[in-house]
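K.L.:
Structure: input.tsv, TSV, C-alpha atoms.
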chain	number	residue	atom	x	y	z
P	935	MET	CA	6.74	-30.34	4.17
P	936	ASN	CA	7.55	-26.99	2.68
P	937	GLY	CA	5.85	-23.93	4.09
P	938	ARG	CA	5.76	-20.47	2.59
P	939	VAL	CA	8.08	-17.86	4.07
P	940	ILE	CA	6.56	-14.39	3.66
P	941	VAL	CA	8.29	-11.21	4.78
P	942	ILE	CA	6.09	-8.27	5.80
P	943	THR	CA	7.85	-5.00	5.16
P	944	SER	CA	7.25	-1.33	4.36
P	945	GLY	CA	10.33	0.86	4.46
P	946	LYS	CA	8.57	3.57	6.41
P	947	GLY	CA	7.81	2.99	10.08
P	948	GLY	CA	4.39	3.24	11.64
P	949	VAL	CA	2.34	2.11	8.65
P	950	GLY	CA	1.19	-1.13	10.25
P	951	LYS	CA	3.74	-3.88	9.61
P	952	THR	CA	3.48	-5.43	13.04
P	953	THR	CA	-0.31	-5.02	13.25
P	954	SER	CA	-0.60	-6.66	9.83
P	955	THR	CA	1.73	-9.53	10.79
P	956	ALA	CA	-0.26	-10.22	13.97
P	957	ASN	CA	-3.59	-10.14	12.17
P	958	ILE	CA	-2.64	-12.05	9.03
P	959	GLY	CA	-0.91	-14.67	11.19
P	960	THR	CA	-3.94	-15.03	13.46
P	961	ALA	CA	-6.37	-15.09	10.53
P	962	LEU	CA	-4.34	-17.74	8.68
P	963	ALA	CA	-4.26	-19.89	11.80
P	964	LYS	CA	-8.01	-19.43	12.34
P	965	ASN	CA	-8.49	-20.66	8.77
P	966	GLY	CA	-6.66	-23.86	9.69
P	967	ALA	CA	-3.03	-23.17	8.72
P	968	ARG	CA	-0.02	-23.77	10.95
P	969	VAL	CA	1.67	-20.41	11.35
P	970	ALA	CA	4.93	-19.16	12.86
P	971	MET	CA	5.56	-15.42	13.19
P	972	ILE	CA	9.08	-14.08	13.62
P	973	ASP	CA	9.72	-10.61	15.00
P	974	THR	CA	13.02	-9.45	13.50
P	975	ASP	CA	12.91	-5.94	14.94
P	976	ILE	CA	15.67	-6.66	17.43
P	977	GLY	CA	15.92	-4.08	20.19
P	978	LEU	CA	12.45	-2.71	19.40
P	979	ARG	CA	10.21	-5.74	19.62
P	980	ASN	CA	6.46	-5.24	19.59
P	981	LEU	CA	4.80	-8.24	17.99
P	982	ASP	CA	4.62	-9.90	21.43
P	983	LEU	CA	2.63	-6.92	22.75
P	984	LEU	CA	0.13	-6.99	19.89
P	985	MET	CA	-0.39	-10.72	20.44
P	986	GLY	CA	-0.67	-10.25	24.21
P	987	LEU	CA	2.21	-12.68	24.73
P	988	GLU	CA	4.72	-10.33	26.34
P	989	ASN	CA	4.62	-12.16	29.68
P	990	ARG	CA	5.19	-15.59	28.20
P	991	ILE	CA	8.48	-14.98	26.46
P	992	VAL	CA	11.34	-16.88	27.99
P	993	TYR	CA	13.76	-17.28	25.08
P	994	THR	CA	14.17	-15.11	21.99
P	995	LEU	CA	15.55	-15.31	18.48
P	996	VAL	CA	18.95	-14.17	19.75
P	997	ASP	CA	18.94	-16.80	22.53
P	998	TYR	CA	18.45	-19.47	19.88
P	999	ILE	CA	21.26	-18.06	17.74
P	1000	GLU	CA	23.55	-17.96	20.77
P	1001	GLU	CA	22.60	-21.60	21.39
P	1002	LYS	CA	21.04	-20.90	24.76
P	1003	CYS	CA	17.91	-22.85	23.78
P	1004	LYS	CA	16.36	-25.05	21.13
P	1005	LEU	CA	14.16	-23.53	18.40
P	1006	GLN	CA	11.10	-25.30	19.86
P	1007	GLN	CA	11.71	-23.66	23.25
P	1008	ALA	CA	11.89	-20.18	21.75
P	1009	LEU	CA	8.54	-20.59	19.96
P	1010	VAL	CA	5.74	-19.16	22.13
P	1011	LYS	CA	2.27	-20.58	21.49
P	1012	ASP	CA	-0.69	-18.24	21.09
P	1013	LYS	CA	-3.16	-17.99	23.98
P	1014	LYS	CA	-6.15	-19.17	21.95
P	1015	ILE	CA	-4.94	-20.88	18.80
P	1016	PRO	CA	-2.53	-23.79	19.32
P	1017	THR	CA	-1.36	-23.80	15.67
P	1018	LEU	CA	-0.04	-20.22	15.95
P	1019	SER	CA	3.43	-19.53	17.36
P	1020	LEU	CA	5.66	-16.51	17.88
P	1021	LEU	CA	9.43	-16.26	17.80
P	1022	ALA	CA	10.14	-13.02	19.62
P	1023	ALA	CA	12.98	-10.61	18.99
P	1024	ALA	CA	15.45	-9.87	21.77
P	1025	GLN	CA	14.82	-6.53	23.41
P	1026	THR	CA	18.34	-6.07	24.75
P	1027	SER	CA	20.59	-6.91	21.79
P	1028	ASP	CA	20.91	-4.93	18.58
P	1029	LYS	CA	20.47	-5.76	14.92
P	1030	THR	CA	24.05	-6.97	14.48
P	1031	ALA	CA	23.26	-9.96	16.74
P	1032	VAL	CA	21.80	-11.83	13.74
P	1033	THR	CA	23.36	-12.51	10.36
P	1034	VAL	CA	21.71	-13.10	7.01
P	1035	ASP	CA	22.78	-16.76	7.01
P	1036	GLN	CA	21.42	-17.36	10.50
P	1037	MET	CA	18.06	-15.87	9.50
P	1038	LYS	CA	17.96	-18.03	6.39
P	1039	ASP	CA	18.70	-21.09	8.51
P	1040	ILE	CA	15.89	-20.29	10.98
P	1041	CYS	CA	13.35	-19.77	8.17
P	1042	ASP	CA	14.40	-23.03	6.51
P	1043	LYS	CA	13.96	-24.93	9.78
P	1044	LEU	CA	10.59	-23.35	10.54
P	1045	LYS	CA	9.10	-23.98	7.12
P	1046	GLU	CA	9.52	-27.72	7.70
P	1047	ASP	CA	6.97	-27.58	10.54
P	1048	PHE	CA	4.70	-24.72	9.51
P	1049	ASP	CA	2.51	-23.89	6.50
P	1050	PHE	CA	3.32	-20.19	6.83
P	1051	VAL	CA	6.32	-18.41	8.30
P	1052	LEU	CA	5.58	-14.68	8.57
P	1053	VAL	CA	8.62	-12.47	9.08
P	1054	ASP	CA	7.87	-9.05	10.59
P	1055	SER	CA	10.56	-6.74	9.26
P	1056	PRO	CA	11.89	-3.64	11.02
P	1057	ALA	CA	11.49	-0.23	9.35
P	1058	GLY	CA	14.31	0.96	7.14
P	1059	ILE	CA	16.37	-0.63	4.39
P	1060	GLU	CA	19.54	-1.48	6.32
P	1061	GLY	CA	20.76	-4.63	8.05
P	1062	GLY	CA	17.52	-5.44	9.82
P	1063	PHE	CA	15.59	-5.38	6.56
P	1064	GLN	CA	18.23	-7.46	4.78
P	1065	ASN	CA	17.99	-10.04	7.59
P	1066	ALA	CA	14.21	-10.11	7.42
P	1067	ILE	CA	14.10	-10.83	3.68
P	1068	ALA	CA	16.99	-13.34	3.81
P	1069	GLY	CA	14.89	-16.49	4.19
P	1070	ALA	CA	11.74	-15.32	2.41
P	1071	SER	CA	10.50	-16.21	-1.04
P	1072	GLU	CA	7.44	-13.95	-0.93
P	1073	ALA	CA	6.89	-10.42	0.34
P	1074	ILE	CA	3.97	-8.30	1.46
P	1075	ILE	CA	4.57	-4.56	1.31
P	1076	ILE	CA	2.48	-2.45	3.66
P	1077	THR	CA	1.79	1.13	2.70
P	1078	THR	CA	-0.77	3.84	3.47
P	1079	PRO	CA	-2.28	6.38	1.05
P	1080	GLU	CA	0.24	8.99	2.20
P	1081	MET	CA	3.04	10.34	0.04
P	1082	ALA	CA	5.92	9.40	2.32
P	1083	ALA	CA	4.68	5.84	2.78
P	1084	VAL	CA	4.12	5.35	-0.96
P	1085	ARG	CA	7.57	6.70	-1.79
P	1086	ASP	CA	9.22	4.39	0.74
P	1087	ALA	CA	7.18	1.46	-0.58
P	1088	ASP	CA	8.53	2.17	-4.06
P	1089	ARG	CA	12.07	2.06	-2.71
P	1090	ILE	CA	11.36	-1.29	-1.02
P	1091	ILE	CA	9.84	-2.65	-4.24
P	1092	GLY	CA	13.06	-1.72	-6.06
P	1093	LEU	CA	15.11	-3.64	-3.49
P	1094	LEU	CA	12.79	-6.66	-3.56
P	1095	GLU	CA	12.91	-6.74	-7.33
P	1096	ALA	CA	16.70	-6.81	-7.22
P	1097	ASN	CA	16.59	-9.75	-4.80
P	1098	GLU	CA	16.45	-13.03	-6.68
P	1099	ASN	CA	15.05	-15.04	-3.75
P	1100	ILE	CA	11.83	-13.02	-3.63
P	1101	LEU	CA	9.63	-14.62	-6.27
P	1102	ASN	CA	6.50	-12.60	-5.73
P	1103	TYR	CA	5.37	-9.54	-3.82
P	1104	LYS	CA	2.05	-7.85	-3.24
P	1105	LEU	CA	0.77	-4.71	-1.64
P	1106	ILE	CA	-1.52	-4.01	1.31
P	1107	LEU	CA	-2.98	-0.52	1.46
P	1108	ASN	CA	-3.57	0.23	5.11
P	1109	ARG	CA	-5.52	2.94	6.94
P	1110	VAL	CA	-7.72	3.88	4.02
P	1111	ARG	CA	-10.43	6.44	4.73
P	1112	PRO	CA	-13.25	5.92	2.21
P	1113	LYS	CA	-14.79	9.34	2.90
P	1114	MET	CA	-11.55	11.15	2.14
P	1115	ILE	CA	-11.12	9.14	-1.05
P	1116	GLN	CA	-14.65	10.04	-2.09
P	1117	SER	CA	-13.95	13.74	-1.56
P	1118	ASN	CA	-10.73	13.40	-3.56
P	1119	ASP	CA	-8.56	14.25	-0.59
P	1120	MET	CA	-6.81	10.90	-0.33
P	1121	LEU	CA	-5.01	8.75	-2.89
P	1122	SER	CA	-7.38	6.01	-3.94
P	1123	VAL	CA	-6.67	2.29	-4.23
P	1124	ASP	CA	-6.38	2.71	-8.00
P	1125	ASP	CA	-4.04	5.69	-7.65
P	1126	VAL	CA	-1.62	3.71	-5.48
P	1127	THR	CA	-1.78	0.64	-7.74
P	1128	ASP	CA	-1.17	2.92	-10.70
P	1129	ILE	CA	1.81	4.71	-9.13
P	1130	LEU	CA	3.54	1.60	-7.78
P	1131	SER	CA	2.36	-0.88	-10.45
P	1132	VAL	CA	2.13	-3.72	-7.92
P	1133	LYS	CA	-0.75	-6.14	-7.40
P	1134	MET	CA	-3.00	-5.39	-4.43
P	1135	LEU	CA	-3.38	-8.14	-1.84
P	1136	GLY	CA	-5.83	-6.21	0.29
P	1137	VAL	CA	-7.15	-2.87	1.49
P	1138	ILE	CA	-7.63	-2.15	5.20
P	1139	PRO	CA	-9.98	0.67	6.16
P	1140	GLU	CA	-8.97	2.95	9.03
P	1141	ASP	CA	-10.54	1.52	12.16
P	1142	GLU	CA	-10.43	2.87	15.70
P	1143	ASN	CA	-10.90	-0.65	16.98
P	1144	ILE	CA	-7.26	-1.33	16.06
P	1145	ILE	CA	-6.22	0.78	19.05
P	1146	VAL	CA	-8.64	-1.07	21.32
P	1147	SER	CA	-7.35	-4.42	20.10
P	1148	THR	CA	-3.73	-3.35	20.66
P	1149	ASN	CA	-4.63	-2.17	24.16
P	1150	LYS	CA	-6.03	-5.60	24.90
P	1151	GLY	CA	-3.25	-7.54	23.20
P	1152	ASP	CA	-5.84	-9.32	21.06
P	1153	PRO	CA	-5.60	-9.04	17.25
P	1154	ILE	CA	-8.58	-7.35	15.59
P	1155	VAL	CA	-9.43	-10.44	13.53
P	1156	ASN	CA	-10.70	-11.90	16.83
P	1157	MET	CA	-13.15	-9.01	17.17
P	1158	GLU	CA	-16.50	-9.61	15.52
P	1159	ASN	CA	-17.98	-7.05	13.13
P	1160	SER	CA	-14.83	-4.98	12.76
P	1161	ARG	CA	-14.10	-3.60	9.29
P	1162	ALA	CA	-10.35	-3.94	9.63
P	1163	GLY	CA	-10.66	-7.44	11.07
P	1164	LEU	CA	-12.80	-8.52	8.13
P	1165	ALA	CA	-10.31	-7.04	5.68
P	1166	TYR	CA	-7.43	-8.94	7.33
P	1167	ASN	CA	-9.42	-12.14	7.26
P	1168	ASN	CA	-10.03	-11.61	3.54
P	1169	ILE	CA	-6.29	-11.20	3.03
P	1170	ALA	CA	-5.66	-14.52	4.79
P	1171	ARG	CA	-8.22	-16.22	2.57
P	1172	ARG	CA	-6.57	-14.75	-0.54
P	1173	LEU	CA	-3.20	-16.06	0.67
P	1174	LEU	CA	-4.80	-19.48	1.01
P	1175	GLY	CA	-5.85	-19.31	-2.64
P	1176	GLU	CA	-9.47	-18.27	-2.31
P	1177	GLU	CA	-10.93	-15.65	-4.68
P	1178	VAL	CA	-12.17	-12.81	-2.50
P	1179	ALA	CA	-12.99	-9.49	-4.13
P	1180	ILE	CA	-11.57	-6.26	-2.70
P	1181	PRO	CA	-14.51	-4.02	-1.73
P	1182	ASP	CA	-14.98	-0.76	-3.59
P	1183	PHE	CA	-13.93	2.32	-1.63
P	1184	GLU	CA	-14.12	4.79	-4.49
P	1185	THR	CA	-17.85	5.16	-5.23
P	1186	PRO	CA	-19.72	7.18	-2.65
P	1187	PRO	CA	-22.90	5.60	-1.33
P	1188	PRO	CA	-26.06	7.12	-2.93
P	1189	SER	CA	-26.90	10.47	-1.37
P	1190	PHE	CA	-30.07	11.12	0.57
P	1191	VAL	CA	-31.67	12.88	-2.39
P	1192	GLU	CA	-30.71	10.09	-4.78
P	1193	ARG	CA	-32.15	7.48	-2.48
P	1194	ILE	CA	-35.48	9.30	-2.26
P	1195	LYS	CA	-35.44	9.72	-6.02
P	1196	ASN	CA	-34.88	6.01	-6.43
P	1197	ILE	CA	-37.81	5.17	-4.20
P	1198	PHE	CA	-40.17	7.41	-6.16
P	1199	LEU	CA	-38.88	6.60	-9.60
P	1200	THR	CA	-39.29	2.86	-9.38
P	1201	PRO	CA	-42.00	2.06	-11.96
P	1202	VAL	CA	-45.43	2.75	-10.56
P	1203	LYS	CA	-48.00	0.06	-11.16
P	1204	ILE	CA	-51.59	1.13	-11.05
D	1436	MET	CA	-57.58	2.89	-19.90
D	1437	LYS	CA	-54.02	1.63	-19.88
D	1438	LEU	CA	-52.89	4.55	-22.01
D	1439	LEU	CA	-54.41	6.95	-19.55
D	1440	ASP	CA	-52.66	5.19	-16.69
D	1441	ARG	CA	-49.32	5.62	-18.35
D	1442	LYS	CA	-49.98	9.31	-18.92
D	1443	ILE	CA	-50.74	9.80	-15.27
D	1444	THR	CA	-47.64	7.86	-14.24
D	1445	ASP	CA	-45.51	9.95	-16.59
D	1446	LYS	CA	-46.91	13.13	-15.14
D	1447	ILE	CA	-46.25	11.96	-11.62
D	1448	ASN	CA	-42.72	11.05	-12.59
D	1449	ASP	CA	-42.12	14.46	-14.17
D	1450	MET	CA	-43.44	16.14	-11.10
D	1451	ILE	CA	-41.19	14.13	-8.80
D	1452	ASN	CA	-38.24	14.82	-11.03
D	1453	ASP	CA	-38.88	18.56	-10.84
D	1454	LEU	CA	-39.35	18.40	-7.12
D	1455	VAL	CA	-36.15	16.40	-6.63
D	1456	ALA	CA	-34.20	18.75	-8.88
D	1457	THR	CA	-35.37	21.79	-6.94
D	1458	CYS	CA	-34.66	20.13	-3.60
D	1459	SER	CA	-31.18	19.02	-4.61
D	1460	ARG	CA	-30.42	22.51	-5.96
D	1461	VAL	CA	-31.35	24.04	-2.64
D	1462	LEU	CA	-29.59	21.38	-0.60
D	1463	SER	CA	-26.39	21.41	-2.59
D	1464	THR	CA	-25.76	25.17	-2.65
D	1465	GLU	CA	-23.58	24.88	0.39
D	1466	ALA	CA	-21.60	22.00	-1.04
D	1467	LYS	CA	-20.98	23.91	-4.27
D	1468	VAL	CA	-19.50	26.88	-2.43
D	1469	ASP	CA	-17.16	24.47	-0.65
D	1470	GLU	CA	-16.10	22.91	-3.92
D	1471	ALA	CA	-15.16	26.24	-5.44
D	1472	VAL	CA	-12.88	27.08	-2.54
D	1473	SER	CA	-11.18	23.72	-2.07
D	1474	TYR	CA	-9.40	21.68	-4.74
D	1475	ASP	CA	-8.53	18.05	-5.00
D	1476	SER	CA	-5.47	17.61	-2.84
D	1477	LYS	CA	-5.12	14.00	-3.94
D	1478	ASP	CA	-4.27	15.11	-7.48
D	1479	ASP	CA	-1.50	17.21	-6.02
D	1480	ALA	CA	-0.22	14.21	-4.10
D	1481	LYS	CA	-0.40	11.96	-7.14
D	1482	ASN	CA	1.46	14.34	-9.42
D	1483	ARG	CA	4.14	15.16	-6.87
D	1484	LEU	CA	4.61	11.48	-6.07
D	1485	LYS	CA	4.91	10.49	-9.72
D	1486	LEU	CA	7.62	13.09	-10.24
D	1487	VAL	CA	9.59	12.26	-7.11
D	1488	LEU	CA	9.39	8.53	-7.84
D	1489	MET	CA	10.77	9.03	-11.32
D	1490	HIS	CA	13.73	10.86	-9.87
D	1491	ASP	CA	14.13	8.17	-7.20
D	1492	ARG	CA	13.97	5.34	-9.72
D	1493	SER	CA	16.33	6.94	-12.21
D	1494	GLN	CA	18.59	8.02	-9.34
D	1495	LEU	CA	18.86	11.47	-10.89
D	1496	SER	CA	18.43	14.47	-8.64
D	1497	PRO	CA	16.81	17.66	-9.99
D	1498	GLY	CA	20.31	19.22	-9.84
D	1499	GLN	CA	21.78	16.49	-12.01
D	1500	MET	CA	18.88	16.83	-14.44
D	1501	GLU	CA	19.66	20.54	-14.75
D	1502	GLN	CA	23.34	19.80	-15.34
D	1503	MET	CA	22.46	17.23	-18.00
D	1504	ARG	CA	20.15	19.76	-19.63
D	1505	GLU	CA	22.93	22.34	-19.79
D	1506	GLU	CA	25.43	19.87	-21.21
D	1507	MET	CA	22.97	18.64	-23.81
D	1508	LEU	CA	22.28	22.23	-24.82
D	1509	ASP	CA	26.01	22.85	-25.29
D	1510	VAL	CA	26.43	19.80	-27.50
D	1511	ILE	CA	23.33	20.44	-29.59
D	1512	SER	CA	24.03	24.10	-30.10
D	1513	ARG	CA	27.35	23.14	-31.75
D	1514	TYR	CA	25.27	21.78	-34.63
D	1515	VAL	CA	22.03	23.69	-34.68
D	1516	GLU	CA	20.82	26.98	-33.33
D	1517	ILE	CA	18.28	26.28	-30.64
D	1518	ASP	CA	16.08	28.17	-28.31
D	1519	ARG	CA	17.86	27.46	-25.04
D	1520	ASP	CA	14.92	28.44	-22.86
D	1521	ALA	CA	12.40	26.36	-24.75
D	1522	LEU	CA	14.19	23.05	-24.23
D	1523	ASP	CA	11.95	20.73	-22.32
D	1524	LEU	CA	13.64	17.76	-20.67
D	1525	CYS	CA	11.65	15.39	-18.54
D	1526	LEU	CA	11.32	11.84	-17.34
D	1527	GLU	CA	8.25	9.93	-18.36
D	1528	ALA	CA	7.12	6.70	-16.80
D	1529	GLU	CA	5.72	3.85	-18.79
D	1530	THR	CA	4.54	0.65	-17.15
D	1531	ASN	CA	7.93	-0.58	-16.02
D	1532	THR	CA	10.43	1.66	-17.74
D	1533	ILE	CA	11.38	5.28	-17.56
D	1534	ALA	CA	11.96	7.32	-20.71
D	1535	LEU	CA	14.00	10.47	-20.93
D	1536	VAL	CA	12.04	12.77	-23.22
D	1537	ALA	CA	13.53	15.95	-24.68
D	1538	ASN	CA	11.71	18.44	-26.81
D	1539	ILE	CA	14.17	20.79	-28.48
D	1540	PRO	CA	12.80	23.47	-30.80
D	1541	VAL	CA	15.43	24.09	-33.54
D	1542	LEU	CA	15.57	27.67	-34.77
D	1543	ARG	CA	17.79	26.98	-37.78
D	1544	ASN	CA	20.66	24.98	-39.08
D	1545	LYS	CA	24.20	26.19	-38.25
D	1546	GLN	CA	25.18	25.85	-41.92
D	1547	GLU	CA	22.49	28.30	-42.95
D	1548	GLN	CA	23.57	30.62	-40.19
D	1549	LYS	CA	27.16	30.66	-41.52
D	1550	GLN	CA	26.03	31.25	-45.10
D	1551	GLU	CA	23.92	34.13	-43.94
D	1552	GLN	CA	26.82	35.68	-42.08
D	1553	ALA	CA	29.09	35.28	-45.13
Could you render the structure as structure tokens?

P.N.:
Amino acid sequence: MNGRVIVITSGKGGVGKTTSTANIGTALAKNGARVAMIDTDIGLRNLDLLMGLENRIVYTLVDYIEEKCKLQQALVKDKKIPTLSLLAAAQTSDKTAVTVDQMKDICDKLKEDFDFVLVDSPAGIEGGFQNAIAGASEAIIITTPEMAAVRDADRIIGLLEANENILNYKLILNRVRPKMIQSNDMLSVDDVTDILSVKMLGVIPEDENIIVSTNKGDPIVNMENSRAGLAYNNIARRLLGEEVAIPDFETPPPSFVERIKNIFLTPVKI
Amino acid sequence: MKLLDRKITDKINDMINDLVATCSRVLSTEAKVDEAVSYDSKDDAKNRLKLVLMHDRSQLSPGQMEQMREEMLDVISRYVEIDRDALDLCLEAETNTIALVANIPVLRNKQEQKQEQA
């Protein structure tokens, strides 16, 4: 049994790494995969909050490293989906509590029991990031159509390219606002692909429901009829090998006048 | 009869087209004013990003670029007379590589210059 270890990273903070990890993990599990998520943001853990598991954490990643528990004990099962587990970061230690070799070891152990091991990376390019990518062979880079996020993503891509263990990496463009793209006030999906020359794994539209889902501690993929939830589910299906097209955010929907024109101009039969 | 039908349909179509054109002209006046005032900020973002990324990737700061420009000018002007202000040095991105492109207008050959002075 050899699962895929995928690191989810961005460089810049606040672009949606943890939200993406929670949702991709949940969506993969809902599609039948066995999934383990690791929060490597030691000292600033949040993945447990987004999953609504904050009250169930007894042991953390650092406890396992310090041999206070077994790996199985540190894995917290999701409330709804039994094939989804979380390995939480310690809130009290700091990033030096884990080494690159220890991270590699944990990922190697987990991929024996799980189809997917998702590693939620901390922001930045220092130790925490190096730990997060240590055991991974694939990477997902999260960025938003903002200049600072795109620049930081480019920096991360450079570092991933230099790392020989990362065999493939793809981009998720998060918090896209179709209306702003249509009025040429936001970098489009094509613009970002063009600038970074990286393959796009998915595009997530800005969605207020994300805040609601975070408030509830229930990932948005569990919410029916949400645009962002649907986009995350599509990403999970692509990761599982399915061909799912990325919807078009560039072309504006036909205007009111155009729609009326279309109604009248359809060939009249007398 | 059929021919007549088509003529009527065409006329109706023309009429609708005219009507739609007039309506959209009236309705879009406001939008046009807006357009004239604002500009596409995304183009700004794209151009600025492309430039900053090229500097990031080549690990050359604008200051270092300027220094390189000056040093290149010194070397080149030992051989040819050049227009120092017209030298255009920039980084250009191709798919995965970055090219350093210099455009140096040569005024004349140093040899000629010497002959002239003699």

K.L.:
Please list as an mmCIF file with C-alpha atoms, in the coordinates of the input every residue within 7 Å of segment 1141-1151 of chain P, counting only C-alpha atoms and excluding residues in the same chain fewer than 4 positions away.

P.N.:
data_model
loop_
_atom_site.group_PDB
_atom_site.id
_atom_site.type_symbol
_atom_site.label_atom_id
_atom_site.label_comp_id
_atom_site.auth_asym_id
_atom_site.auth_seq_id
_atom_site.Cartn_x
_atom_site.Cartn_y
_atom_site.Cartn_z
ATOM 1 C CA LEU P 983 2.630 -6.920 22.750
ATOM 2 C CA LEU P 984 0.130 -6.990 19.890
ATOM 3 C CA MET P 985 -0.390 -10.720 20.440
ATOM 4 C CA GLY P 986 -0.670 -10.250 24.210
ATOM 5 C CA ARG P 1161 -14.100 -3.600 9.290
ATOM 6 C CA ALA P 1162 -10.350 -3.940 9.630
#

K.L.:
Taking every listed atom of segment 1091-1095 of chain P and adding 3 Å to each side, what centre and edge lengths in Å (one decimal) does the axis-aligned box have, as AutoDock Vina command-line options?

P.N.:
--center_x 12.5 --center_y -4.2 --center_z -5.4 --size_x 11.3 --size_y 11.0 --size_z 9.8

K.L.:
Have a look at atom CA of Asp1479 of chain D and atom CA of Thr953 of chain P and let me know their distance in Å, one decimal.

P.N.:
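For atom CA of Asp1479 of chain D relative to atom CA of Thr953 of chain P, the distance reads 29.4 Å.
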
K.L.:
Per residue of segment 1070-1142 of chain P within 7 Å of segment 1480-1500 of chain D, what are the shortest atom pair and its distance in Å to one decimal, counting only C-alpha atoms, with rows by chain and residue number, as JSON lines?

P.N.:
{"residue": "P:Met1081", "atom": "CA", "partner": "D:Leu1484", "partner_atom": "CA", "distance": 6.4}
{"residue": "P:Arg1085", "atom": "CA", "partner": "D:Leu1488", "partner_atom": "CA", "distance": 6.6}
{"residue": "P:Ile1129", "atom": "CA", "partner": "D:Lys1485", "partner_atom": "CA", "distance": 6.6}

K.L.:
Counting all atoms listed in the file, find the residues whose atoms lie at most 12 Å from (7.3, 7.7, 2.3) (file coordinates) and write them out as a PyMOL selection string.

P.N.:
(chain P and resi 944-949+1057-1058+1076-1090) or (chain D and resi 1480+1484+1487-1488+1491)

K.L.:
Would you pick out the contacts of Asn1452 of chain D at 12 Å or less, using all atoms listed in the file, so that residues sharing its chain but fewer than 6 positions from it are not included, and give the list as a ChimeraX atom specification?

P.N.:
/P:1191-1192,1194-1199 /D:1445-1446,1458-1459

K.L.:
Considering all atoms listed in the file, can you say which of P:Leu978, P:Ala1068, P:Ile972, P:Ile1075 comes closest to Lys1029 of chain P?

P.N.:
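Nearest candidate to Lys1029 of chain P out of P:Leu978, P:Ala1068, P:Ile972, P:Ile1075: P:Leu978.
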
K.L.:
Dump as CSV the rows for residues of chain P within 6 Å of chain D: closest atom pair and distance in Å with one decimal, only C-alpha atoms counted, ordered by chain and rising residue number.

P.N.:
residue,atom,partner,partner_atom,distance
P:Asn1118,CA,D:Asp1475,CA,5.3
P:Asp1119,CA,D:Lys1477,CA,4.8
P:Met1120,CA,D:Lys1477,CA,5.0
P:Leu1121,CA,D:Lys1477,CA,5.4

K.L.:
Quick check, in Å to one decimal: how far apart do atom CA of Leu1524 of chain D and atom CA of Ile1511 of chain D lie?

P.N.:
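We find that atom CA of Leu1524 of chain D and atom CA of Ile1511 of chain D lie 13.4 Å from each other.
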
K.L.:
Counting all atoms listed in the file, which residue out of P:Ile1180, P:Ala1165, P:Val1010, P:Val996 sits closest to Gln1025 of chain P?

P.N.:
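Closest to Gln1025 of chain P of all the choices is P:Val996.
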
K.L.:
I'd like the interatomic distance between atom CA of Asn1167 of chain P and atom CA of Leu1093 of chain P, to a tenth of an Å.

P.N.:
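Between these atoms lies a distance of 28.1 Å.
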
K.L.:
When you count only C-alpha atoms, which of these residues is closest to Asp975 of chain P: P:Ala1066, P:Val1034, P:Ala956, P:Leu1020?

P.N.:
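Residue with the minimum atom-to-atom distance to Asp975 of chain P: P:Ala1066.
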
K.L.:
At a cut-off of 6 Å, using all atoms listed in the file, what residues contact segment 961-968 of chain P? Leave out same-chain residues fewer than 5 positions from it and give the result as a list in words.

P.N.:
Thr1017, Leu1018, Phe1048, Asp1049, Asn1167 and Ala1170 of chain P

K.L.:
Please identify all polymer residues lying at most 12 Å from the point (-9.2, -8.3, 7.3) (file coordinates), using all atoms listed in the file, and present the result as a compact mmCIF listing (two decimals) with C-alpha atoms, in the coordinates of the input.

P.N.:
# COMPACT_ATOMS: atom_id res chain seq x y z
CA THR P 953 -0.31 -5.02 13.25
CA SER P 954 -0.60 -6.66 9.83
CA THR P 955 1.73 -9.53 10.79
CA ALA P 956 -0.26 -10.22 13.97
CA ASN P 957 -3.59 -10.14 12.17
CA ILE P 958 -2.64 -12.05 9.03
CA GLY P 959 -0.91 -14.67 11.19
CA THR P 960 -3.94 -15.03 13.46
CA ALA P 961 -6.37 -15.09 10.53
CA LEU P 962 -4.34 -17.74 8.68
CA ILE P 1106 -1.52 -4.01 1.31
CA LEU P 1107 -2.98 -0.52 1.46
CA ASN P 1108 -3.57 0.23 5.11
CA ARG P 1109 -5.52 2.94 6.94
CA LEU P 1135 -3.38 -8.14 -1.84
CA GLY P 1136 -5.83 -6.21 0.29
CA VAL P 1137 -7.15 -2.87 1.49
CA ILE P 1138 -7.63 -2.15 5.20
CA PRO P 1139 -9.98 0.67 6.16
CA GLU P 1140 -8.97 2.95 9.03
CA ASP P 1141 -10.54 1.52 12.16
CA ILE P 1144 -7.26 -1.33 16.06
CA PRO P 1153 -5.60 -9.04 17.25
CA ILE P 1154 -8.58 -7.35 15.59
CA VAL P 1155 -9.43 -10.44 13.53
CA ASN P 1156 -10.70 -11.90 16.83
CA MET P 1157 -13.15 -9.01 17.17
CA GLU P 1158 -16.50 -9.61 15.52
CA ASN P 1159 -17.98 -7.05 13.13
CA SER P 1160 -14.83 -4.98 12.76
CA ARG P 1161 -14.10 -3.60 9.29
CA ALA P 1162 -10.35 -3.94 9.63
CA GLY P 1163 -10.66 -7.44 11.07
CA LEU P 1164 -12.80 -8.52 8.13
CA ALA P 1165 -10.31 -7.04 5.68
CA TYR P 1166 -7.43 -8.94 7.33
CA ASN P 1167 -9.42 -12.14 7.26
CA ASN P 1168 -10.03 -11.61 3.54
CA ILE P 1169 -6.29 -11.20 3.03
CA ALA P 1170 -5.66 -14.52 4.79
CA ARG P 1171 -8.22 -16.22 2.57
CA ARG P 1172 -6.57 -14.75 -0.54
CA LEU P 1173 -3.20 -16.06 0.67
CA VAL P 1178 -12.17 -12.81 -2.50
CA ILE P 1180 -11.57 -6.26 -2.70
CA PRO P 1181 -14.51 -4.02 -1.73
